[in-house]
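For reference, structure.tsv (TSV, C-alpha atoms):
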```
chain	number	residue	atom	x	y	z
A	348	MET	CA	15.86	76.05	176.96
A	349	VAL	CA	15.17	78.69	174.37
A	350	SER	CA	18.54	80.27	175.00
A	351	LYS	CA	20.37	77.01	174.37
A	352	LYS	CA	18.58	76.46	171.08
A	353	ILE	CA	19.50	79.93	169.90
A	354	ASN	CA	23.14	79.47	170.87
A	355	LEU	CA	23.22	76.15	169.08
A	356	ASN	CA	21.77	77.61	165.90
A	357	ILE	CA	24.24	80.50	165.90
A	358	THR	CA	27.16	78.18	166.38
A	359	MET	CA	26.01	75.92	163.61
A	360	ARG	CA	25.46	78.87	161.30
A	361	GLY	CA	28.94	80.16	162.03
A	362	GLU	CA	30.42	76.80	161.26
A	363	SER	CA	28.45	76.63	158.04
A	364	ILE	CA	29.72	80.05	156.98
A	365	PHE	CA	33.31	79.11	157.76
A	366	ARG	CA	33.09	76.00	155.68
A	367	SER	CA	31.58	77.89	152.79
A	368	SER	CA	34.40	80.44	152.91
A	369	THR	CA	37.00	77.71	152.88
A	370	ALA	CA	35.39	76.08	149.87
A	371	LEU	CA	35.24	79.43	148.08
A	372	SER	CA	38.94	80.07	148.76
A	373	ILE	CA	39.86	76.69	147.36
A	374	LEU	CA	37.71	77.34	144.31
A	375	ILE	CA	39.36	80.75	143.66
A	376	ALA	CA	42.84	79.33	144.11
A	377	SER	CA	42.07	76.50	141.71
A	378	ALA	CA	40.74	78.91	139.11
A	379	ALA	CA	43.83	81.09	139.44
A	380	SER	CA	46.02	78.06	139.03
A	381	LEU	CA	44.15	77.04	135.90
A	382	PHE	CA	44.57	80.58	134.51
A	383	LEU	CA	48.34	80.59	135.07
A	384	LEU	CA	48.74	77.25	133.36
A	385	SER	CA	46.57	78.20	130.40
A	386	PRO	CA	48.20	77.21	127.11
A	387	THR	CA	47.43	80.67	125.71
A	388	SER	CA	49.75	82.43	128.21
A	389	THR	CA	53.41	83.25	127.27
A	390	ILE	CA	56.37	82.71	129.57
A	391	ALA	CA	59.43	84.91	128.95
A	392	ALA	CA	62.49	83.07	127.65
A	393	SER	CA	66.15	84.05	127.52
A	394	VAL	CA	67.86	84.47	124.17
A	395	THR	CA	70.98	82.36	123.53
A	396	SER	CA	74.22	82.75	121.55
A	397	ALA	CA	73.94	86.53	121.92
A	398	ARG	CA	76.84	88.63	120.68
A	399	ASP	CA	77.61	92.16	119.51
A	400	VAL	CA	80.60	92.52	117.17
A	401	LEU	CA	81.78	96.14	116.84
A	402	SER	CA	83.86	97.43	113.94
A	403	ARG	CA	85.69	99.71	116.40
A	404	SER	CA	85.80	99.46	120.19
A	405	GLN	CA	87.72	102.69	120.82
A	406	ILE	CA	86.14	105.46	122.87
A	407	SER	CA	84.20	108.16	121.01
A	408	LEU	CA	84.57	106.56	117.58
A	409	ASP	CA	81.70	105.67	115.26
A	410	SER	CA	81.25	101.91	115.14
A	411	ASN	CA	79.15	99.45	113.17
A	412	HIS	CA	77.38	96.76	115.20
A	413	GLU	CA	76.54	93.22	114.17
A	414	ILE	CA	74.19	91.77	116.78
A	415	LYS	CA	73.13	88.12	116.68
A	416	PHE	CA	71.09	85.96	119.01
A	417	VAL	CA	68.77	82.96	118.99
A	418	THR	CA	65.13	83.73	119.79
A	419	PRO	CA	63.61	80.70	121.56
A	420	GLN	CA	59.99	81.74	120.90
A	421	GLY	CA	60.41	83.53	117.57
A	422	VAL	CA	58.58	86.69	116.55
A	423	GLN	CA	54.88	86.87	115.71
A	424	ALA	CA	53.12	89.37	113.46
A	425	GLY	CA	52.96	92.81	115.06
A	426	GLU	CA	55.53	92.05	117.76
A	427	THR	CA	58.62	94.09	118.55
A	428	ILE	CA	62.28	93.52	119.33
A	429	ILE	CA	63.87	96.34	121.30
A	430	LEU	CA	67.63	96.83	121.57
A	431	THR	CA	68.47	99.27	124.35
A	432	PHE	CA	72.05	100.51	124.31
A	433	GLU	CA	73.53	101.57	127.63
A	434	SER	CA	73.90	105.28	128.25
A	435	GLY	CA	77.06	106.55	126.59
A	436	PHE	CA	76.33	105.08	123.16
A	437	VAL	CA	74.99	107.81	120.87
A	438	LEU	CA	72.29	106.73	118.38
A	439	THR	CA	71.13	110.24	117.43
A	440	SER	CA	72.03	110.02	113.75
A	441	VAL	CA	70.92	106.42	113.18
A	442	ASP	CA	67.65	105.74	111.34
A	443	HIS	CA	66.04	102.84	109.45
A	444	THR	CA	68.38	103.28	106.47
A	445	ASP	CA	71.27	102.31	108.73
A	446	VAL	CA	69.71	99.01	109.85
A	447	ASP	CA	69.48	95.56	108.28
A	448	PHE	CA	67.55	92.70	109.91
A	449	ALA	CA	67.86	89.08	108.81
A	450	ASP	CA	66.64	85.75	110.14
A	451	GLY	CA	68.66	82.57	109.86
A	452	ASP	CA	67.72	79.11	108.69
A	453	SER	CA	68.93	77.49	111.93
A	454	ASN	CA	69.87	78.23	115.53
A	455	ASN	CA	73.58	78.25	114.70
A	456	CYS	CA	74.60	81.90	114.64
A	457	THR	CA	78.00	81.00	113.23
A	458	SER	CA	76.99	79.04	110.15
A	459	ALA	CA	73.32	79.87	109.58
A	460	GLY	CA	72.24	81.11	106.18
A	461	PHE	CA	70.55	84.50	106.65
A	462	THR	CA	67.66	85.97	104.66
A	463	GLU	CA	67.46	89.75	104.68
A	464	ASN	CA	64.11	91.39	105.41
A	465	THR	CA	62.75	94.62	103.96
A	466	ILE	CA	63.15	97.59	106.32
A	467	ALA	CA	61.31	100.92	106.40
A	468	ALA	CA	60.51	103.62	108.94
A	469	SER	CA	57.14	101.99	109.70
A	470	PRO	CA	55.94	98.37	109.46
A	471	SER	CA	53.62	97.43	106.62
A	472	GLY	CA	52.80	93.91	105.52
A	473	ALA	CA	56.04	91.96	105.17
A	474	THR	CA	58.05	95.15	105.72
A	475	TRP	CA	59.57	95.63	109.17
A	476	GLY	CA	59.64	99.06	110.76
A	477	VAL	CA	62.64	100.52	112.57
A	478	GLY	CA	62.55	103.46	114.91
A	479	VAL	CA	65.22	104.99	117.14
A	480	SER	CA	64.38	106.92	120.27
A	481	GLY	CA	67.01	107.80	122.85
A	482	GLN	CA	69.00	104.66	123.62
A	483	ALA	CA	66.41	102.27	122.15
A	484	LEU	CA	66.23	100.86	118.66
A	485	THR	CA	62.83	99.23	118.08
A	486	LEU	CA	62.11	96.74	115.31
A	487	THR	CA	58.41	96.15	114.65
A	488	SER	CA	56.90	93.40	112.51
A	489	GLY	CA	54.05	94.09	110.16
A	490	THR	CA	52.74	90.68	109.15
A	491	ASP	CA	56.08	88.92	108.91
A	492	THR	CA	57.29	86.42	111.50
A	493	VAL	CA	60.45	84.71	112.68
A	494	THR	CA	60.37	80.98	113.34
A	495	ALA	CA	61.08	79.90	116.91
A	496	ASP	CA	64.61	78.74	117.73
A	497	ARG	CA	66.25	80.66	114.90
A	498	CYS	CA	69.23	83.00	114.92
A	499	VAL	CA	68.50	86.60	113.96
A	500	ARG	CA	70.98	89.28	112.91
A	501	PHE	CA	71.00	93.07	113.16
A	502	GLU	CA	73.54	95.08	111.17
A	503	ILE	CA	73.62	98.67	112.33
A	504	GLY	CA	75.75	101.33	110.64
A	505	THR	CA	77.52	101.54	107.31
A	506	ASN	CA	77.48	97.72	107.17
A	507	ALA	CA	73.72	97.90	106.46
A	508	LEU	CA	73.48	97.47	102.69
A	509	THR	CA	70.18	95.72	101.88
A	510	ASP	CA	67.49	98.36	101.38
A	511	ALA	CA	69.80	101.36	101.49
A	512	THR	CA	73.48	101.97	102.08
A	513	GLY	CA	73.90	102.95	105.70
A	514	ASP	CA	75.74	106.22	106.19
A	515	GLN	CA	75.56	106.63	109.97
A	516	ALA	CA	76.91	104.45	112.77
A	517	ILE	CA	76.56	104.37	116.55
A	518	ASN	CA	79.09	106.54	118.38
A	519	ASN	CA	80.95	104.77	121.18
A	520	PRO	CA	80.91	106.01	124.78
A	521	GLY	CA	83.53	108.57	125.71
A	522	SER	CA	85.07	106.50	128.49
A	523	GLY	CA	86.31	102.94	128.55
A	524	GLY	CA	84.57	100.10	130.38
A	525	ASP	CA	81.95	97.39	130.05
A	526	TYR	CA	78.66	98.40	128.42
A	527	THR	CA	75.49	96.45	127.75
A	528	VAL	CA	72.81	96.08	125.11
A	529	ILE	CA	69.50	94.92	126.61
A	530	ILE	CA	67.18	92.80	124.46
A	531	THR	CA	63.45	93.13	125.22
A	532	GLY	CA	60.21	93.62	123.30
A	533	SER	CA	56.76	92.16	122.94
A	534	PHE	CA	58.24	89.07	121.27
A	535	ASN	CA	58.80	88.23	124.96
A	536	ASP	CA	62.38	86.94	124.79
A	537	THR	CA	64.95	88.80	126.83
A	538	GLY	CA	68.72	88.97	127.09
A	539	THR	CA	71.77	91.08	127.80
A	540	ILE	CA	74.90	91.47	125.71
A	541	ALA	CA	78.05	92.91	127.28
A	542	THR	CA	80.71	94.64	125.21
A	543	ASN	CA	83.91	96.42	126.15
A	544	ILE	CA	84.99	99.89	125.08
A	545	VAL	CA	88.69	100.73	125.34
A	546	THR	CA	90.80	103.86	125.21
A	547	ASP	CA	92.68	102.70	122.11
A	548	ASP	CA	91.77	99.65	120.04
A	549	SER	CA	94.60	99.95	117.52
A	550	ILE	CA	97.86	98.05	117.87
A	551	ASP	CA	100.94	99.16	115.96
A	552	VAL	CA	102.69	96.15	114.49
A	553	THR	CA	106.16	96.40	112.98
A	554	ALA	CA	108.24	93.82	111.18
A	555	THR	CA	111.09	93.68	108.72
A	556	VAL	CA	111.52	91.41	105.72
A	557	ALA	CA	115.16	91.32	104.64
A	558	THR	CA	115.92	92.21	101.05
A	559	SER	CA	116.88	89.21	98.96
A	560	ILE	CA	118.03	88.41	95.46
A	561	SER	CA	119.26	85.20	93.93
A	562	CYS	CA	120.73	85.07	90.41
A	563	THR	CA	122.16	81.75	89.25
A	564	VAL	CA	123.48	80.68	85.85
A	565	ASN	CA	123.41	77.22	84.32
A	566	ASP	CA	126.80	77.41	82.56
A	567	THR	CA	129.83	79.69	82.33
A	568	ALA	CA	131.02	78.79	78.83
A	569	THR	CA	129.69	78.10	75.37
A	570	ASP	CA	131.34	77.16	72.07
A	571	PHE	CA	130.57	77.70	68.40
A	572	GLY	CA	133.05	75.00	67.38
A	573	THR	CA	134.45	75.42	63.87
A	574	PHE	CA	132.53	77.86	61.71
A	575	THR	CA	131.16	76.82	58.35
A	576	VAL	CA	131.53	79.61	55.82
A	577	ALA	CA	128.29	81.34	54.78
A	578	THR	CA	126.32	79.36	57.34
A	579	ILE	CA	124.50	80.72	60.41
A	580	ASP	CA	125.96	78.93	63.41
A	581	THR	CA	124.51	78.71	66.91
A	582	ALA	CA	126.65	78.31	70.02
A	583	ASP	CA	126.24	74.83	71.48
A	584	ASP	CA	125.10	75.91	74.97
A	585	THR	CA	122.51	78.53	75.84
A	586	ILE	CA	123.17	80.63	78.92
A	587	THR	CA	120.19	80.67	81.32
A	588	TRP	CA	119.90	82.89	84.37
A	589	THR	CA	117.34	82.07	87.09
A	590	VAL	CA	116.30	85.09	89.14
A	591	SER	CA	114.40	85.38	92.41
A	592	THR	CA	114.06	88.63	94.33
A	593	ASN	CA	111.65	90.38	96.68
A	594	ALA	CA	112.73	93.80	95.42
A	595	SER	CA	109.62	95.95	95.18
A	596	ASN	CA	110.61	97.32	91.77
A	597	GLY	CA	111.89	94.04	90.35
A	598	TYR	CA	115.28	93.45	88.78
A	599	ALA	CA	117.49	94.26	85.82
A	600	LEU	CA	119.83	91.89	84.00
A	601	THR	CA	122.47	93.55	81.85
A	602	VAL	CA	125.09	92.15	79.46
A	603	ARG	CA	128.42	93.68	78.41
A	604	ASP	CA	130.80	92.52	75.68
A	605	VAL	CA	134.62	92.67	75.68
A	606	GLY	CA	135.52	92.12	72.01
A	607	ASP	CA	138.97	93.58	71.36
A	608	ALA	CA	138.32	96.35	73.92
A	609	ALA	CA	137.74	98.77	71.07
A	610	ASP	CA	134.91	97.02	69.22
A	611	PRO	CA	132.44	94.38	70.37
A	612	GLY	CA	132.59	90.96	68.75
A	613	LEU	CA	134.52	87.71	68.52
A	614	TYR	CA	138.23	88.60	68.55
A	615	SER	CA	141.31	86.73	67.37
A	616	SER	CA	144.52	88.23	68.76
A	617	GLY	CA	146.56	86.02	66.46
A	618	ALA	CA	144.74	87.22	63.36
A	619	SER	CA	144.16	90.72	64.78
A	620	TYR	CA	140.60	90.50	63.51
A	621	VAL	CA	137.14	91.09	65.05
A	622	ILE	CA	133.96	89.42	63.83
A	623	ASP	CA	131.86	92.48	64.57
A	624	SER	CA	128.69	92.34	66.64
A	625	ALA	CA	125.72	94.43	65.50
A	626	ASP	CA	121.95	94.30	65.10
A	627	ALA	CA	121.45	92.23	61.98
A	628	ASP	CA	119.49	89.63	60.11
A	629	LEU	CA	122.31	87.14	59.61
A	630	SER	CA	120.64	85.67	56.56
A	631	GLY	CA	121.18	88.99	54.77
A	632	VAL	CA	124.80	89.69	55.76
A	633	SER	CA	128.08	87.88	55.12
A	634	ILE	CA	129.59	88.45	58.58
A	635	GLY	CA	127.83	88.99	61.89
A	636	TYR	CA	127.53	88.01	65.54
A	637	GLY	CA	124.93	88.69	68.22
A	638	LEU	CA	122.46	87.51	70.83
A	639	GLN	CA	118.81	86.47	71.09
A	640	GLY	CA	117.01	86.58	74.46
A	641	THR	CA	114.02	84.58	75.69
A	642	LYS	CA	112.36	84.41	79.12
A	643	THR	CA	109.85	82.74	81.47
A	644	ASP	CA	107.92	84.74	84.05
A	645	GLY	CA	108.55	82.47	87.02
A	646	ASP	CA	106.23	81.14	89.70
A	647	ALA	CA	102.61	82.23	90.07
A	648	GLY	CA	102.40	85.76	91.42
A	649	SER	CA	105.73	86.81	89.93
A	650	ALA	CA	105.93	90.05	87.99
A	651	ALA	CA	106.35	89.57	84.27
A	652	THR	CA	109.88	89.55	82.89
A	653	SER	CA	110.50	91.48	79.66
A	654	ILE	CA	113.35	91.01	77.19
A	655	THR	CA	114.82	94.33	76.08
A	656	ALA	CA	115.11	95.18	72.38
A	657	PRO	CA	117.14	94.49	70.27
A	658	TYR	CA	117.58	91.16	72.05
A	659	THR	CA	113.96	90.31	71.32
A	660	ALA	CA	115.21	89.24	67.89
A	661	THR	CA	114.12	85.83	66.62
A	662	SER	CA	114.78	83.41	63.76
A	663	ASN	CA	118.05	84.46	62.05
A	664	SER	CA	118.14	87.96	63.54
A	665	VAL	CA	120.34	89.00	66.48
A	666	GLY	CA	120.82	92.00	68.73
A	667	GLY	CA	124.27	93.51	68.68
A	668	LEU	CA	126.44	93.36	71.79
A	669	LEU	CA	128.03	96.54	73.19
A	670	LEU	CA	131.11	97.34	75.23
A	671	ALA	CA	128.91	99.11	77.78
A	672	ALA	CA	126.47	97.26	80.02
A	673	THR	CA	123.17	97.01	78.15
A	674	SER	CA	119.78	95.90	79.45
A	675	LEU	CA	118.93	92.35	78.48
A	676	ALA	CA	115.85	91.77	80.67
A	677	THR	CA	113.79	93.48	83.40
A	678	ALA	CA	110.84	92.91	85.71
A	679	THR	CA	108.91	95.61	87.56
A	680	GLY	CA	108.10	93.66	90.73
A	681	PRO	CA	109.15	90.68	92.86
A	682	VAL	CA	109.80	87.43	91.00
A	683	ALA	CA	110.44	83.82	91.93
A	684	ASN	CA	112.39	81.59	89.54
A	685	ALA	CA	112.07	83.81	86.50
A	686	THR	CA	114.49	82.79	83.74
A	687	VAL	CA	116.36	84.67	81.03
A	688	THR	CA	118.12	82.68	78.30
A	689	SER	CA	120.83	83.97	75.93
A	690	THR	CA	121.39	82.26	72.57
A	691	LEU	CA	124.45	83.33	70.53
A	692	LYS	CA	124.48	83.20	66.73
A	693	ALA	CA	127.23	84.06	64.23
A	694	LYS	CA	128.08	83.93	60.52
A	695	VAL	CA	131.41	84.22	58.72
A	696	SER	CA	132.49	84.59	55.12
A	697	GLY	CA	135.51	83.14	53.36
A	698	LEU	CA	137.34	86.44	53.95
A	699	VAL	CA	137.49	86.03	57.73
A	700	PRO	CA	141.08	85.19	58.69
A	701	ALA	CA	141.74	81.80	60.21
A	702	GLY	CA	142.42	81.76	63.92
A	703	ALA	CA	141.02	81.15	67.39
A	704	TYR	CA	138.29	83.62	68.24
A	705	ILE	CA	137.08	84.40	71.75
A	706	ASP	CA	134.76	86.78	73.53
A	707	THR	CA	133.75	87.41	77.11
A	708	LEU	CA	130.22	88.39	78.13
A	709	THR	CA	129.70	89.93	81.55
A	710	TYR	CA	126.19	89.71	83.03
A	711	ILE	CA	125.09	91.81	86.00
A	712	CYS	CA	121.89	90.94	87.92
A	713	THR	CA	120.55	93.74	90.15
A	714	GLY	CA	117.51	94.04	92.40
A	715	ILE	CA	115.68	97.38	92.17
A	716	TYR	CA	114.39	98.45	95.61
```
Do you think you could lay out the structure here as structure tokens?
Amino acid sequence: MVSKKINLNITMRGESIFRSSTALSILIASAASLFLLSPTSTIAASVTSARDVLSRSQISLDSNHEIKFVTPQGVQAGETIILTFESGFVLTSVDHTDVDFADGDSNNCTSAGFTENTIAASPSGATWGVGVSGQALTLTSGTDTVTADRCVRFEIGTNALTDATGDQAINNPGSGGDYTVIITGSFNDTGTIATNIVTDDSIDVTATVATSISCTVNDTATDFGTFTVATIDTADDTITWTVSTNASNGYALTVRDVGDAADPGLYSSGASYVIDSADADLSGVSIGYGLQGTKTDGDAGSAATSITAPYTATSNSVGGLLLAATSLATATGPVANATVTSTLKAKVSGLVPAGAYIDTLTYICTGIY
């Protein structure tokens, strides 16, 4: 009887202990669950819209980097962002003066407006610290923060211009292939950016633009009519050339007079007389004949056209025509629809023999390549 009571008590005690252990296990598990779900804990998040734009992707060349990504959780005071470049990239010469860091006003890395932050070797207040060790570039906040769900931007190399002008860039790996930049740090967002390094990133492009010149004239004849003695007469039609050319050094328009083949001017074979052409103010001479030139520069972007003296004469003055080709107008670069206009003026006295007077002007338009 005693033995049975003892066995019964032991069994009951064992059962009691087992139940207590089970209850304790449930209690511990519940506490652990509550700890994991605590609102003060941080769960790592993946960055989005991550990209690394290199200024050169050729092996062994120095390259600027523009790295952008959206940080889902933002950056709190004292936290870090670490960019770890895969082995092969050389960051030895890069320091804080070669780094800019900016945060955007939205999560759109393409169109966000960015505000540059102050950078130094160590963080202090609103100043962010940048340090480079091995393959890792570490950005550390002092008291400044980045709002959650905003795009951030790193500019590394000579493209860093905010606090100092960057003078060192990251040297590319010596062999082609895919390389990564790993994003980590105590800000607790993570991500990976892949970029490709190639043997040669330059492409030789060749093309040819054919030379072209167009010179057109509005009329091929003009007439003084019947002269009035001691009066300055103007030929009834002006002669206007329109010039277009892609010649790199522009164009030249020359004019040459025939006269009587010995002297320039208006010639009458019947009277065997030449109304001589010379530089003159016709209001001060009794006999004279010559040309005035005017111009327009053509379409926007055209080089300026210049009238050559003495054909820059105005009012009652004229430039004398010559038997040899003489410059009337020039431009020093390509033009489109530039114009050069010739106006002929003459004066005769009562001593000029009656007769029919003629002259031939020869214009030559030439592109200068």
Considering all atoms listed in the file, give me a table of residues in stretch 422-487 of chain A that are at most 6 Å from stretch 518-523 of chain A, with the closest atom pair and distance in Å for each, as CSV.
```
residue,atom,partner,partner_atom,distance
A:Gly435,CA,A:Pro520,CA,4.3
A:Phe436,CA,A:Pro520,CA,4.9
A:Val437,CA,A:Asn518,CA,5.0
```
Just give me the gap between atom CA of A:Phe574 and atom CA of A:Lys694 in Å, one decimal is fine.
7.6 Å
Atom-to-atom span, atom CA of A:Gly645 and atom CA of A:Val665, Å:
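If I compute the distance from atom CA of A:Gly645 to atom CA of A:Val665, I get 24.6 Å.
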List as a ChimeraX atom specification the protein and nucleic acid residues near A:Ser624, meaning an atom at most 12 Å away when all atoms listed in the file are counted, but skip any in the same chain fewer than 2 places from it.
/A:603-607,609-614,621-622,626-629,632,634-638,664-670,691-695,706
Taking all atoms listed in the file into account, which of A:Phe432, A:Val682, A:Ser689, A:Pro419 comes nearest A:Tyr658?
A:Ser689
Which residues come within 6 Å of A:Ala468, counting all atoms listed in the file, excluding same-chain residues fewer than 3 positions away, as a VMD selection string?
chain A and resid 443 476 to 477
Coordinates-based distance that separates atom CA of A:Asp510 from atom CA of A:Thr539 (Å, one decimal)
27.7 Å
So which residues are close to (139.5, 85.9, 67.8), meaning at most 6 Å away in the file's coordinates with all atoms listed in the file counted, and can you show them as a PyMOL selection string?
chain A and resi 613-616+703-705
Sphere at (82.5, 94.1, 126.0), radius 12 Å, counting all atoms listed in the file: residues as a PyMOL selection string
chain A and resi 398-401+403-405+433+519+523-528+539-545
Write out as a PyMOL selection string which residues come within 6 Å of A:Thr487 when counting only C-alpha atoms, dropping same-chain ones fewer than 2 positions away.
chain A and resi 426-427+475-476
Shell of 10 Å around A:Ile429, only C-alpha atoms, local chain residues under 6 positions omitted, as a list in words
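Close residues of A:Ile429: Val477, Gly478, Val479, Ala483, Leu484, Thr485, Leu486, Thr487, Val528, Ile529, Ile530, Thr531, Gly532, Ser533, Phe534 and Thr537 of chain A.
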Residues within 7 Å of A:Thr679, all atoms listed in the file, excluding chain neighbours under 2 positions, as an MDAnalysis selection string
chainID A and resid 596:598 650 677
Under the rule that all atoms listed in the file are counted, which of A:Val422, A:Ile517, A:Ser469, A:Ser434 is the nearest residue to A:Thr492?
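Ranked by minimum distance to A:Thr492, first place goes to A:Val422.
Nearest-residue note for A:Val590: choosing from A:Val446, A:Ile414, A:Cys498, A:Ala651, the minimum distance belongs to A:Ala651, counting all atoms listed in the file.
Distances from A:Gly489, A:Gly648, A:Gly451, A:Gly538 to A:Ala473 were compared using only C-alpha atoms, and the smallest one belongs to A:Gly489.
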Just checking: using all atoms listed in the file, which residue out of A:Asn535, A:Thr462, A:Thr553, A:Asn411 ends up closest to A:Gly513?
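When distances to A:Gly513 are compared using all atoms listed in the file, the smallest one comes from A:Asn411.
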Which residue is closest to A:Asp548? Choose from A:Asn593, A:Thr709, A:Ser402, A:Thr673 and count only C-alpha atoms.
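The closest residue to A:Asp548 is A:Ser402.
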Some atoms are missing, so please complete stretch 413-430 of chain A with N, CA, C and O atoms and return it as a PDB file, in the coordinates of the input.
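Result file follows (part18.pdb):
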```
ATOM      1  N   GLU A 413      77.193  94.416 114.694  1.00  0.00           N
ATOM      2  CA  GLU A 413      76.540  93.220 114.170  1.00  0.00           C
ATOM      3  C   GLU A 413      76.073  92.416 115.381  1.00  0.00           C
ATOM      4  O   GLU A 413      76.884  91.831 116.093  1.00  0.00           O
ATOM      5  N   ILE A 414      74.780  92.428 115.613  1.00  0.00           N
ATOM      6  CA  ILE A 414      74.190  91.770 116.780  1.00  0.00           C
ATOM      7  C   ILE A 414      73.470  90.516 116.327  1.00  0.00           C
ATOM      8  O   ILE A 414      72.635  90.560 115.418  1.00  0.00           O
ATOM      9  N   LYS A 415      73.781  89.396 116.981  1.00  0.00           N
ATOM     10  CA  LYS A 415      73.130  88.120 116.680  1.00  0.00           C
ATOM     11  C   LYS A 415      72.656  87.476 117.974  1.00  0.00           C
ATOM     12  O   LYS A 415      73.320  87.593 119.002  1.00  0.00           O
ATOM     13  N   PHE A 416      71.536  86.778 117.891  1.00  0.00           N
ATOM     14  CA  PHE A 416      71.090  85.960 119.010  1.00  0.00           C
ATOM     15  C   PHE A 416      70.015  84.992 118.518  1.00  0.00           C
ATOM     16  O   PHE A 416      69.407  85.194 117.452  1.00  0.00           O
ATOM     17  N   VAL A 417      69.815  83.942 119.281  1.00  0.00           N
ATOM     18  CA  VAL A 417      68.770  82.960 118.990  1.00  0.00           C
ATOM     19  C   VAL A 417      67.533  83.319 119.794  1.00  0.00           C
ATOM     20  O   VAL A 417      67.604  83.486 121.020  1.00  0.00           O
ATOM     21  N   THR A 418      66.389  83.459 119.111  1.00  0.00           N
ATOM     22  CA  THR A 418      65.130  83.730 119.790  1.00  0.00           C
ATOM     23  C   THR A 418      64.387  82.422 120.026  1.00  0.00           C
ATOM     24  O   THR A 418      63.948  81.769 119.069  1.00  0.00           O
ATOM     25  N   PRO A 419      64.252  81.992 121.280  1.00  0.00           N
ATOM     26  CA  PRO A 419      63.610  80.700 121.560  1.00  0.00           C
ATOM     27  C   PRO A 419      62.164  80.639 121.083  1.00  0.00           C
ATOM     28  O   PRO A 419      61.695  79.601 120.628  1.00  0.00           O
ATOM     29  N   GLN A 420      61.424  81.763 121.203  1.00  0.00           N
ATOM     30  CA  GLN A 420      59.990  81.740 120.900  1.00  0.00           C
ATOM     31  C   GLN A 420      59.660  82.335 119.527  1.00  0.00           C
ATOM     32  O   GLN A 420      58.514  82.267 119.091  1.00  0.00           O
ATOM     33  N   GLY A 421      60.672  82.929 118.863  1.00  0.00           N
ATOM     34  CA  GLY A 421      60.410  83.530 117.570  1.00  0.00           C
ATOM     35  C   GLY A 421      59.686  84.867 117.704  1.00  0.00           C
ATOM     36  O   GLY A 421      59.512  85.399 118.801  1.00  0.00           O
ATOM     37  N   VAL A 422      59.278  85.409 116.590  1.00  0.00           N
ATOM     38  CA  VAL A 422      58.580  86.690 116.550  1.00  0.00           C
ATOM     39  C   VAL A 422      57.285  86.517 115.765  1.00  0.00           C
ATOM     40  O   VAL A 422      57.292  85.994 114.652  1.00  0.00           O
ATOM     41  N   GLN A 423      56.182  86.952 116.369  1.00  0.00           N
ATOM     42  CA  GLN A 423      54.880  86.870 115.710  1.00  0.00           C
ATOM     43  C   GLN A 423      54.546  88.194 115.026  1.00  0.00           C
ATOM     44  O   GLN A 423      55.172  89.227 115.270  1.00  0.00           O
ATOM     45  N   ALA A 424      53.550  88.167 114.158  1.00  0.00           N
ATOM     46  CA  ALA A 424      53.120  89.370 113.460  1.00  0.00           C
ATOM     47  C   ALA A 424      52.768  90.458 114.465  1.00  0.00           C
ATOM     48  O   ALA A 424      52.086  90.213 115.461  1.00  0.00           O
ATOM     49  N   GLY A 425      53.265  91.665 114.215  1.00  0.00           N
ATOM     50  CA  GLY A 425      52.960  92.810 115.060  1.00  0.00           C
ATOM     51  C   GLY A 425      53.830  92.935 116.291  1.00  0.00           C
ATOM     52  O   GLY A 425      53.730  93.934 117.009  1.00  0.00           O
ATOM     53  N   GLU A 426      54.693  91.989 116.556  1.00  0.00           N
ATOM     54  CA  GLU A 426      55.530  92.050 117.760  1.00  0.00           C
ATOM     55  C   GLU A 426      56.786  92.882 117.512  1.00  0.00           C
ATOM     56  O   GLU A 426      57.153  93.186 116.381  1.00  0.00           O
ATOM     57  N   THR A 427      57.438  93.239 118.613  1.00  0.00           N
ATOM     58  CA  THR A 427      58.620  94.090 118.550  1.00  0.00           C
ATOM     59  C   THR A 427      59.833  93.406 119.167  1.00  0.00           C
ATOM     60  O   THR A 427      59.710  92.552 120.044  1.00  0.00           O
ATOM     61  N   ILE A 428      61.008  93.808 118.667  1.00  0.00           N
ATOM     62  CA  ILE A 428      62.280  93.520 119.330  1.00  0.00           C
ATOM     63  C   ILE A 428      62.908  94.866 119.637  1.00  0.00           C
ATOM     64  O   ILE A 428      63.043  95.715 118.748  1.00  0.00           O
ATOM     65  N   ILE A 429      63.290  95.066 120.888  1.00  0.00           N
ATOM     66  CA  ILE A 429      63.870  96.340 121.300  1.00  0.00           C
ATOM     67  C   ILE A 429      65.309  96.099 121.758  1.00  0.00           C
ATOM     68  O   ILE A 429      65.565  95.246 122.614  1.00  0.00           O
ATOM     69  N   LEU A 430      66.233  96.846 121.151  1.00  0.00           N
ATOM     70  CA  LEU A 430      67.630  96.830 121.570  1.00  0.00           C
ATOM     71  C   LEU A 430      67.914  98.150 122.284  1.00  0.00           C
ATOM     72  O   LEU A 430      67.838  99.217 121.673  1.00  0.00           O
TER      73      LEU A 430
END
```
